[in-house]
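**Q** Before anything else, here's the structure in question.
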Amino acid sequence: MLHERIPNLAKFVEPDRVRREVYTDAAIFEMEMERIHERVWIYCGHETQVPKAGDYYTTQIGRQPMLMVRGKDGKVNVLYNRCPHRGSMMCGDRSGNAGEFFRCSYHSWTFHHDGKLRAIPMMESGYAGTRWTRDNPDCNMKRAARVENYRGFVFASLAADGPGLLEFLGRSKIAFDDICDRSPEGEVEVVPNCFRMIQHSNWKIFLENQLDALHPSVTHQSTGRAARDVELEIEKRTGKIPLSYHMLSAFSTVTIEKWDNFQTLNYPYGHCILTGYMGLRPKDPDTLEYERVLAKAYGEKRKEEILTTNIHHVLIYPGLSVQSPLQQLRAVRPLGVNRTLTEIWHFRLKGAPEPIYRRALAYYNLVNSPSTMINADDLENFWKAHQGLSSDGGDWVSFHRHYGRDAEKDGMVETAPNCGTSEAPMRNQMKAWTQYMAAGK
Amino acid sequence: MAKRTPKKTGAAKQPVRAAKRAHNGHDTQHAVEQFLYRQAELLDEKRWQDYIDLFAEDGMYWMPPEPSHATWDGMPAIFAEDKNLMTVRMKRVLHPDAWSQRPLWGTNHVVGNVVVERESPNGDVVARSRFHMMELRRDDVRHFAGLYIHHLKKTKDGYRIKLQRVDMTNAQAAYDYVLQVWV
């Protein structure tokens, strides 16, 4: 039924424009969940969220409630959060420790941390002669078809086939290399706090905004100017500007024209990188001390390579936005065609001096907390975008900016010089979307 | 209601502490309550500068993400703002292009259960209270409620806030939209 209403998806996407129904049609949303989110690699969480055996964290893949759980063997498993008996959710809390095994609160079926059945009350007397036997795989909690861990970042795919995680990530894996390599020990650990925010808009609107270099100086000008005013006053009083103010004031000091100097790199599967602008390498004593620690761990040459990695944002389609130089990420969980949840986490670089963490923390608190002065205006725009797209006032969304000027090389699309505000990332995401949707279930 | 002037409490001139507390406690209770009501009113009336002026020069507005946090220093926080950052927030919401501020938006605070936890000989006070804030934005209503802990410094112009800690009961719940100003 559902699929008959959408006879030819190819009609919905052209290289430079997209039909509005792609954002607002509930049937298309269900197909996206089936064909994209519940097939591809989705970020579940960081392994340090579940340090001890039995620790679990709930997460979501497409429409599926999942559990990320640490087994006694140290392995991180990803299971459907569901008891195979009568379908009850196994863990009702967002996180916790399951103890020796999972125990369903309804009829006390118990399961090992890898999902295998442990015991059923009256297994012998109650089930003898039925087809519900211990060797029946339906008796286990269902596992995600594939789970892979790259440098501590755990991904799962609900489809048994498809590219492996590293093939899927391709060059976007630099998000995790960059964040980990910035630690002298090559590892990060999560700070156990997750901010969660709901936006009343389709999930793609959020992703498209992540590398939209035109929007910051428009959307965030009020915050940028307010921060600029105050930082100038502070400078007058103390002679110094705290770096945290720069994180906000950059939205007014970096003008639209300057944004065109940046660049986006667009990769297969919809992943994109926005090159950096944050000026995070000042010459203050804290940064110099950090550079000394890094040089000791890696040598001078490698240290330079690490610190000159030119990244502001890495978008891993269809559900993760990583800001590796600021040690944070946002995972996107679609709740419905017009509702999207973001989970926001940040990390400590193991072995790095405390002030480097403080820098990431300032950004996390100022830009990514629920009191954010940045996303306040983003979310307003996303809502308006979704409302407008729900109307019959027009059929198409335009992605024409700098169209035709993209340079294709080495399997990726690079925006031409001085085309940083190109809508190439949106075109690239929709290209991946079309391929996924055409491939079917 | 007429505002009472809190009694002068020079630290050295307190001969009988218990008696003083019994007597002065009533005035303090009243003065703290009036202060908290006034503060809530300033928020609801969007008198942002007057609100910021209630803070001492080194005052902090702090909303931890969970009650176990003992400091904002080096910790994730929903708010951890000194007067400078509060001024950024105020200037943002007053800017004509703060898009999210355009629609109809307002709040209503109710503060109660005020308990004066501690009063120092110099008149500084630690008080806890419960708040409930209803917010309207366009057609959407949200509720935020929780515990305030105020560390108040006594000055000749009345109390000034050294620290306002806000432990919101729904701090860990998913936020449907953001918090644009102080709760």
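Note on naming: chains are A, B, ... as they come in the structure tokens, residues start from 1 per chain, ligands start from 1 in the order shown.
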Can you pull out every residue within 9 Å of A:Val50, counting only C-alpha atoms, but drop anything in the same chain fewer than 2 positions away, and send it as a list in words?

**A**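 Near A:Val50, the qualifying residues are His46, Glu47, Thr48, Lys52, Ala53, Gly54, Asp55, Tyr56, Tyr57, Met68, Val69, Arg70, Val76, Ser95, Gly96 and Asn97 of chain A.
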
**Q** Once you have the residues from the selection above, write them out as a compact mmCIF listing (two decimals), in the first residue's frame, restricted to all heavy atoms.

**A**
# COMPACT_ATOMS: atom_id res chain seq x y z
N HIS A 46 29.81 5.35 22.63
CA HIS A 46 31.24 5.10 22.84
C HIS A 46 31.39 4.00 23.87
O HIS A 46 30.61 3.92 24.83
CB HIS A 46 31.94 6.38 23.32
CG HIS A 46 33.42 6.29 23.23
ND1 HIS A 46 34.21 5.95 24.30
CD2 HIS A 46 34.26 6.47 22.18
CE1 HIS A 46 35.49 5.93 23.92
NE2 HIS A 46 35.54 6.25 22.63
N GLU A 47 32.42 3.16 23.67
CA GLU A 47 32.56 2.00 24.57
C GLU A 47 32.75 2.41 26.02
O GLU A 47 32.41 1.66 26.93
CB GLU A 47 33.67 1.08 24.09
CG GLU A 47 35.04 1.70 24.12
CD GLU A 47 36.14 0.69 23.77
OE1 GLU A 47 35.82 -0.43 23.36
OE2 GLU A 47 37.32 1.06 23.94
N THR A 48 33.26 3.64 26.27
CA THR A 48 33.45 4.05 27.67
C THR A 48 32.12 4.43 28.34
O THR A 48 32.10 4.70 29.54
CB THR A 48 34.44 5.22 27.78
OG1 THR A 48 34.02 6.29 26.92
CG2 THR A 48 35.84 4.80 27.40
N LYS A 52 31.93 -1.42 32.54
CA LYS A 52 32.00 -2.69 33.28
C LYS A 52 31.04 -3.72 32.70
O LYS A 52 30.02 -3.35 32.09
CB LYS A 52 31.64 -2.46 34.75
CG LYS A 52 32.56 -1.49 35.49
CD LYS A 52 32.23 -1.43 36.98
CE LYS A 52 30.80 -1.05 37.30
NZ LYS A 52 30.42 0.33 36.99
N ALA A 53 31.33 -4.99 32.96
CA ALA A 53 30.43 -6.05 32.49
C ALA A 53 29.02 -5.80 33.00
O ALA A 53 28.83 -5.46 34.17
CB ALA A 53 30.93 -7.41 32.99
N GLY A 54 28.06 -5.93 32.13
CA GLY A 54 26.66 -5.72 32.52
C GLY A 54 26.19 -4.30 32.34
O GLY A 54 24.99 -4.03 32.36
N ASP A 55 27.13 -3.35 32.16
CA ASP A 55 26.72 -1.96 31.91
C ASP A 55 25.99 -1.89 30.58
O ASP A 55 26.45 -2.48 29.59
CB ASP A 55 27.94 -1.04 31.83
CG ASP A 55 28.53 -0.71 33.19
OD1 ASP A 55 27.88 -1.05 34.21
OD2 ASP A 55 29.63 -0.13 33.24
N TYR A 56 24.89 -1.17 30.58
CA TYR A 56 24.19 -1.02 29.30
C TYR A 56 23.79 0.44 29.10
O TYR A 56 23.71 1.23 30.05
CB TYR A 56 22.94 -1.91 29.24
CG TYR A 56 21.85 -1.49 30.18
CD1 TYR A 56 20.91 -0.52 29.82
CD2 TYR A 56 21.73 -2.06 31.45
CE1 TYR A 56 19.91 -0.12 30.70
CE2 TYR A 56 20.73 -1.67 32.33
CZ TYR A 56 19.83 -0.70 31.95
OH TYR A 56 18.86 -0.29 32.82
N TYR A 57 23.55 0.77 27.86
CA TYR A 57 23.05 2.09 27.49
C TYR A 57 22.03 1.88 26.39
O TYR A 57 22.29 1.15 25.44
CB TYR A 57 24.19 2.98 26.99
CG TYR A 57 24.10 4.36 27.57
CD1 TYR A 57 24.89 4.74 28.64
CD2 TYR A 57 23.17 5.27 27.05
CE1 TYR A 57 24.76 5.99 29.20
CE2 TYR A 57 23.05 6.53 27.61
CZ TYR A 57 23.84 6.89 28.68
OH TYR A 57 23.71 8.14 29.24
N MET A 68 23.07 -1.15 24.07
CA MET A 68 24.50 -1.41 23.92
C MET A 68 24.96 -1.92 25.28
O MET A 68 24.75 -1.25 26.28
CB MET A 68 25.19 -0.09 23.55
CG MET A 68 26.68 -0.18 23.40
SD MET A 68 27.38 1.37 22.76
CE MET A 68 27.52 2.32 24.26
N VAL A 69 25.54 -3.12 25.31
CA VAL A 69 25.84 -3.74 26.61
C VAL A 69 27.22 -4.39 26.59
O VAL A 69 27.63 -4.99 25.60
CB VAL A 69 24.75 -4.77 27.00
CG1 VAL A 69 24.56 -5.82 25.91
CG2 VAL A 69 25.05 -5.42 28.34
N ARG A 70 27.94 -4.23 27.70
CA ARG A 70 29.29 -4.82 27.83
C ARG A 70 29.15 -6.24 28.40
O ARG A 70 28.54 -6.43 29.45
CB ARG A 70 30.12 -3.95 28.75
CG ARG A 70 31.49 -4.47 29.08
CD ARG A 70 32.53 -4.14 28.06
NE ARG A 70 32.80 -2.71 27.97
CZ ARG A 70 33.76 -2.20 27.20
NH1 ARG A 70 34.55 -3.00 26.47
NH2 ARG A 70 33.94 -0.90 27.15
N VAL A 76 31.54 -5.47 23.48
CA VAL A 76 30.32 -4.66 23.50
C VAL A 76 29.33 -5.26 22.50
O VAL A 76 29.64 -5.43 21.32
CB VAL A 76 30.62 -3.19 23.14
CG1 VAL A 76 29.32 -2.39 23.08
CG2 VAL A 76 31.56 -2.57 24.18
N SER A 95 20.04 3.97 31.08
CA SER A 95 21.32 3.28 31.24
C SER A 95 21.33 2.64 32.61
O SER A 95 20.50 2.95 33.47
CB SER A 95 22.48 4.27 31.10
OG SER A 95 22.39 5.25 32.11
N GLY A 96 22.30 1.75 32.82
CA GLY A 96 22.39 1.10 34.13
C GLY A 96 23.30 -0.10 34.04
O GLY A 96 24.06 -0.26 33.08
N ASN A 97 23.21 -0.96 35.06
CA ASN A 97 23.94 -2.21 35.03
C ASN A 97 22.95 -3.36 35.19
O ASN A 97 22.15 -3.36 36.12
CB ASN A 97 25.01 -2.25 36.13
CG ASN A 97 25.88 -3.48 35.99
OD1 ASN A 97 25.46 -4.60 36.29
ND2 ASN A 97 27.10 -3.30 35.51

**Q** Extract, using only C-alpha atoms, all DNA, RNA and protein residues at most 10 Å from B:Gly112, discarding same-chain residues fewer than 5 positions from it, and format them as a list in words.

**A**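 Within the cut-off, the hits are Glu33, Leu36, Tyr37, Arg128, Ser129, Arg130, Phe131, His132, Leu147 and Tyr148 of chain B.
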
**Q** Any chance you could export the current selection's all heavy atoms as an mmCIF file, in the first residue's frame?

**A**
data_model
loop_
_atom_site.group_PDB
_atom_site.id
_atom_site.type_symbol
_atom_site.label_atom_id
_atom_site.label_comp_id
_atom_site.auth_asym_id
_atom_site.auth_seq_id
_atom_site.Cartn_x
_atom_site.Cartn_y
_atom_site.Cartn_z
ATOM 1 N N GLU B 33 12.127 35.890 51.267
ATOM 2 C CA GLU B 33 10.943 35.600 50.444
ATOM 3 C C GLU B 33 10.678 36.738 49.470
ATOM 4 O O GLU B 33 10.453 36.514 48.276
ATOM 5 C CB GLU B 33 9.711 35.372 51.324
ATOM 6 C CG GLU B 33 9.716 34.005 51.995
ATOM 7 C CD GLU B 33 8.559 33.832 52.973
ATOM 8 O OE1 GLU B 33 7.730 34.766 53.090
ATOM 9 O OE2 GLU B 33 8.497 32.772 53.614
ATOM 10 N N LEU B 36 13.116 36.666 46.642
ATOM 11 C CA LEU B 36 12.873 35.592 45.661
ATOM 12 C C LEU B 36 11.664 35.918 44.785
ATOM 13 O O LEU B 36 11.665 35.654 43.576
ATOM 14 C CB LEU B 36 12.671 34.256 46.371
ATOM 15 C CG LEU B 36 13.882 33.734 47.145
ATOM 16 C CD1 LEU B 36 13.532 32.430 47.878
ATOM 17 C CD2 LEU B 36 15.071 33.496 46.216
ATOM 18 N N TYR B 37 10.632 36.494 45.401
ATOM 19 C CA TYR B 37 9.443 36.857 44.614
ATOM 20 C C TYR B 37 9.793 37.932 43.596
ATOM 21 O O TYR B 37 9.363 37.908 42.455
ATOM 22 C CB TYR B 37 8.311 37.355 45.517
ATOM 23 C CG TYR B 37 7.855 36.374 46.565
ATOM 24 C CD1 TYR B 37 7.193 36.800 47.717
ATOM 25 C CD2 TYR B 37 8.093 35.001 46.414
ATOM 26 C CE1 TYR B 37 6.767 35.905 48.675
ATOM 27 C CE2 TYR B 37 7.677 34.094 47.381
ATOM 28 C CZ TYR B 37 7.021 34.558 48.519
ATOM 29 O OH TYR B 37 6.608 33.677 49.476
ATOM 30 N N ARG B 128 16.877 27.856 50.560
ATOM 31 C CA ARG B 128 16.393 26.985 49.490
ATOM 32 C C ARG B 128 14.894 27.193 49.304
ATOM 33 O O ARG B 128 14.171 27.558 50.243
ATOM 34 C CB ARG B 128 16.757 25.531 49.741
ATOM 35 C CG ARG B 128 16.256 24.936 51.003
ATOM 36 C CD ARG B 128 16.634 23.440 51.071
ATOM 37 N NE ARG B 128 15.785 22.788 52.057
ATOM 38 C CZ ARG B 128 16.067 22.739 53.352
ATOM 39 N NH1 ARG B 128 17.182 23.301 53.806
ATOM 40 N NH2 ARG B 128 15.245 22.150 54.185
ATOM 41 N N SER B 129 14.472 26.978 48.084
ATOM 42 C CA SER B 129 13.058 27.174 47.780
ATOM 43 C C SER B 129 12.709 26.274 46.603
ATOM 44 O O SER B 129 13.587 25.683 45.982
ATOM 45 C CB SER B 129 12.791 28.639 47.432
ATOM 46 O OG SER B 129 13.599 29.045 46.342
ATOM 47 N N ARG B 130 11.421 26.175 46.347
ATOM 48 C CA ARG B 130 10.962 25.385 45.205
ATOM 49 C C ARG B 130 10.330 26.333 44.204
ATOM 50 O O ARG B 130 9.672 27.298 44.589
ATOM 51 C CB ARG B 130 9.935 24.343 45.649
ATOM 52 C CG ARG B 130 10.526 23.249 46.508
ATOM 53 C CD ARG B 130 11.158 22.173 45.650
ATOM 54 N NE ARG B 130 12.042 21.317 46.435
ATOM 55 C CZ ARG B 130 12.662 20.260 45.930
ATOM 56 N NH1 ARG B 130 12.507 19.947 44.657
ATOM 57 N NH2 ARG B 130 13.445 19.535 46.667
ATOM 58 N N PHE B 131 10.548 26.043 42.921
ATOM 59 C CA PHE B 131 9.955 26.905 41.903
ATOM 60 C C PHE B 131 9.181 26.064 40.897
ATOM 61 O O PHE B 131 9.432 24.862 40.738
ATOM 62 C CB PHE B 131 11.035 27.708 41.165
ATOM 63 C CG PHE B 131 11.939 26.844 40.331
ATOM 64 C CD1 PHE B 131 11.648 26.561 39.004
ATOM 65 C CD2 PHE B 131 13.085 26.296 40.884
ATOM 66 C CE1 PHE B 131 12.469 25.752 38.238
ATOM 67 C CE2 PHE B 131 13.910 25.480 40.121
ATOM 68 C CZ PHE B 131 13.598 25.204 38.805
ATOM 69 N N HIS B 132 8.256 26.733 40.266
ATOM 70 C CA HIS B 132 7.549 26.116 39.145
ATOM 71 C C HIS B 132 7.418 27.187 38.076
ATOM 72 O O HIS B 132 6.919 28.274 38.351
ATOM 73 C CB HIS B 132 6.162 25.628 39.575
ATOM 74 C CG HIS B 132 5.516 24.760 38.548
ATOM 75 N ND1 HIS B 132 5.099 23.488 38.820
ATOM 76 C CD2 HIS B 132 5.237 24.975 37.242
ATOM 77 C CE1 HIS B 132 4.590 22.955 37.710
ATOM 78 N NE2 HIS B 132 4.660 23.853 36.736
ATOM 79 N N LEU B 147 14.395 22.951 42.412
ATOM 80 C CA LEU B 147 14.907 23.512 43.661
ATOM 81 C C LEU B 147 15.863 24.663 43.352
ATOM 82 O O LEU B 147 16.744 24.524 42.518
ATOM 83 C CB LEU B 147 15.667 22.397 44.403
ATOM 84 C CG LEU B 147 16.529 22.768 45.591
ATOM 85 C CD1 LEU B 147 15.655 23.165 46.781
ATOM 86 C CD2 LEU B 147 17.427 21.588 45.979
ATOM 87 N N TYR B 148 15.637 25.787 44.019
ATOM 88 C CA TYR B 148 16.614 26.874 43.976
ATOM 89 C C TYR B 148 17.431 26.825 45.263
ATOM 90 O O TYR B 148 16.864 26.647 46.349
ATOM 91 C CB TYR B 148 15.927 28.245 44.015
ATOM 92 C CG TYR B 148 15.260 28.769 42.770
ATOM 93 C CD1 TYR B 148 14.121 29.570 42.882
ATOM 94 C CD2 TYR B 148 15.772 28.531 41.500
ATOM 95 C CE1 TYR B 148 13.492 30.112 41.764
ATOM 96 C CE2 TYR B 148 15.150 29.071 40.373
ATOM 97 C CZ TYR B 148 14.006 29.862 40.511
ATOM 98 O OH TYR B 148 13.396 30.401 39.422
#

**Q** With a distance cut-off of 9 Å and only C-alpha atoms, select the neighbouring residues of A:Gln210, excluding the residue or stretch itself and same-chain residues fewer than 3 positions from it, and output the selection as a ChimeraX atom specification.

**A** /A:205-207,213,274,313-315,321

**Q** Report the residues of stretch 58-111 of chain B whose backbone DSSP state falls under strand (DSSP E), written as a list in words.

**A** Asp58, Gly59, Met60, Tyr61, Trp62, Met63, Phe79, Ala80, Glu81, Trp105, Gly106, Thr107, Asn108, His109, Val110 and Val111 of chain B

**Q** Do you have the atom CA of A:Asp135-atom CA of A:Ala119 distance handy?

**A**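 Result for atom CA of A:Asp135 versus atom CA of A:Ala119: 12.2 Å, one decimal.
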
**Q** Each residue of chain B lying at most 12 Å from chain A should get a row with its shortest atom-to-atom pair and the distance in Å to one decimal, counting only C-alpha atoms; could you produce that, ordered by chain and increasing number, as a tab-separated table?

**A**
residue	atom	partner	partner_atom	distance
B:Trp62	CA	A:Ser371	CA	11.2
B:Met63	CA	A:Ser371	CA	9.7
B:Pro64	CA	A:Asn365	CA	10.7
B:Pro65	CA	A:Asn193	CA	7.9
B:Glu66	CA	A:Asn193	CA	9.2
B:His69	CA	A:Asn193	CA	11.5
B:Trp72	CA	A:Asn365	CA	10.5
B:Asp73	CA	A:Arg358	CA	9.2
B:Gly74	CA	A:Arg358	CA	6.3
B:Met75	CA	A:Leu361	CA	7.4
B:Pro76	CA	A:Asn365	CA	6.3
B:Ala77	CA	A:Asn365	CA	6.0
B:Ile78	CA	A:Ser369	CA	5.5
B:Phe79	CA	A:Ser371	CA	6.4
B:Ala80	CA	A:Asn365	CA	8.0
B:Glu81	CA	A:Leu366	CA	9.6
B:Lys83	CA	A:Val230	CA	10.2
B:Asn84	CA	A:Val230	CA	6.7
B:Leu85	CA	A:Val230	CA	8.0
B:Met86	CA	A:Val230	CA	9.9
B:Thr87	CA	A:Val230	CA	7.2
B:Val88	CA	A:Ala226	CA	5.1
B:Arg89	CA	A:Met373	CA	7.2
B:Met90	CA	A:Ala226	CA	8.1
B:Lys91	CA	A:Ala226	CA	5.1
B:Arg92	CA	A:Thr223	CA	5.0
B:Val93	CA	A:Ser222	CA	7.8
B:Leu94	CA	A:Ser222	CA	8.5
B:His95	CA	A:Ser222	CA	5.6
B:Pro96	CA	A:Ser222	CA	7.6
B:Asp97	CA	A:Ser222	CA	5.7
B:Ala98	CA	A:Ser222	CA	5.4
B:Trp99	CA	A:Asp377	CA	5.9
B:Ser100	CA	A:Asp377	CA	5.3
B:Gln101	CA	A:Asp377	CA	8.6
B:Arg102	CA	A:Glu380	CA	9.9
B:Pro103	CA	A:Glu380	CA	9.9
B:Arg137	CA	A:Glu380	CA	11.3
B:Arg138	CA	A:Glu380	CA	11.5
B:Asp140	CA	A:His200	CA	11.9
B:Asn170	CA	A:Pro370	CA	11.7
B:Ala171	CA	A:Pro370	CA	9.2
B:Gln172	CA	A:Phe195	CA	7.6
B:Ala173	CA	A:Arg196	CA	7.5
B:Ala174	CA	A:Arg196	CA	4.8
B:Tyr175	CA	A:Met197	CA	4.6
B:Asp176	CA	A:Ile198	CA	4.8
B:Tyr177	CA	A:Ile198	CA	5.9
B:Val178	CA	A:Pro370	CA	5.0
B:Leu179	CA	A:Ser371	CA	4.6
B:Gln180	CA	A:Ser371	CA	5.9
B:Val181	CA	A:Ser371	CA	7.3
B:Trp182	CA	A:Ser371	CA	8.4
B:Val183	CA	A:Ser371	CA	10.0

**Q** Compile the contact shell of B:Glu41 as a list in words: residues with an atom at most 9 Å away, counting only C-alpha atoms, same-chain residues fewer than 6 positions apart removed.

**A** Arg47, Asn108 and His109 of chain B
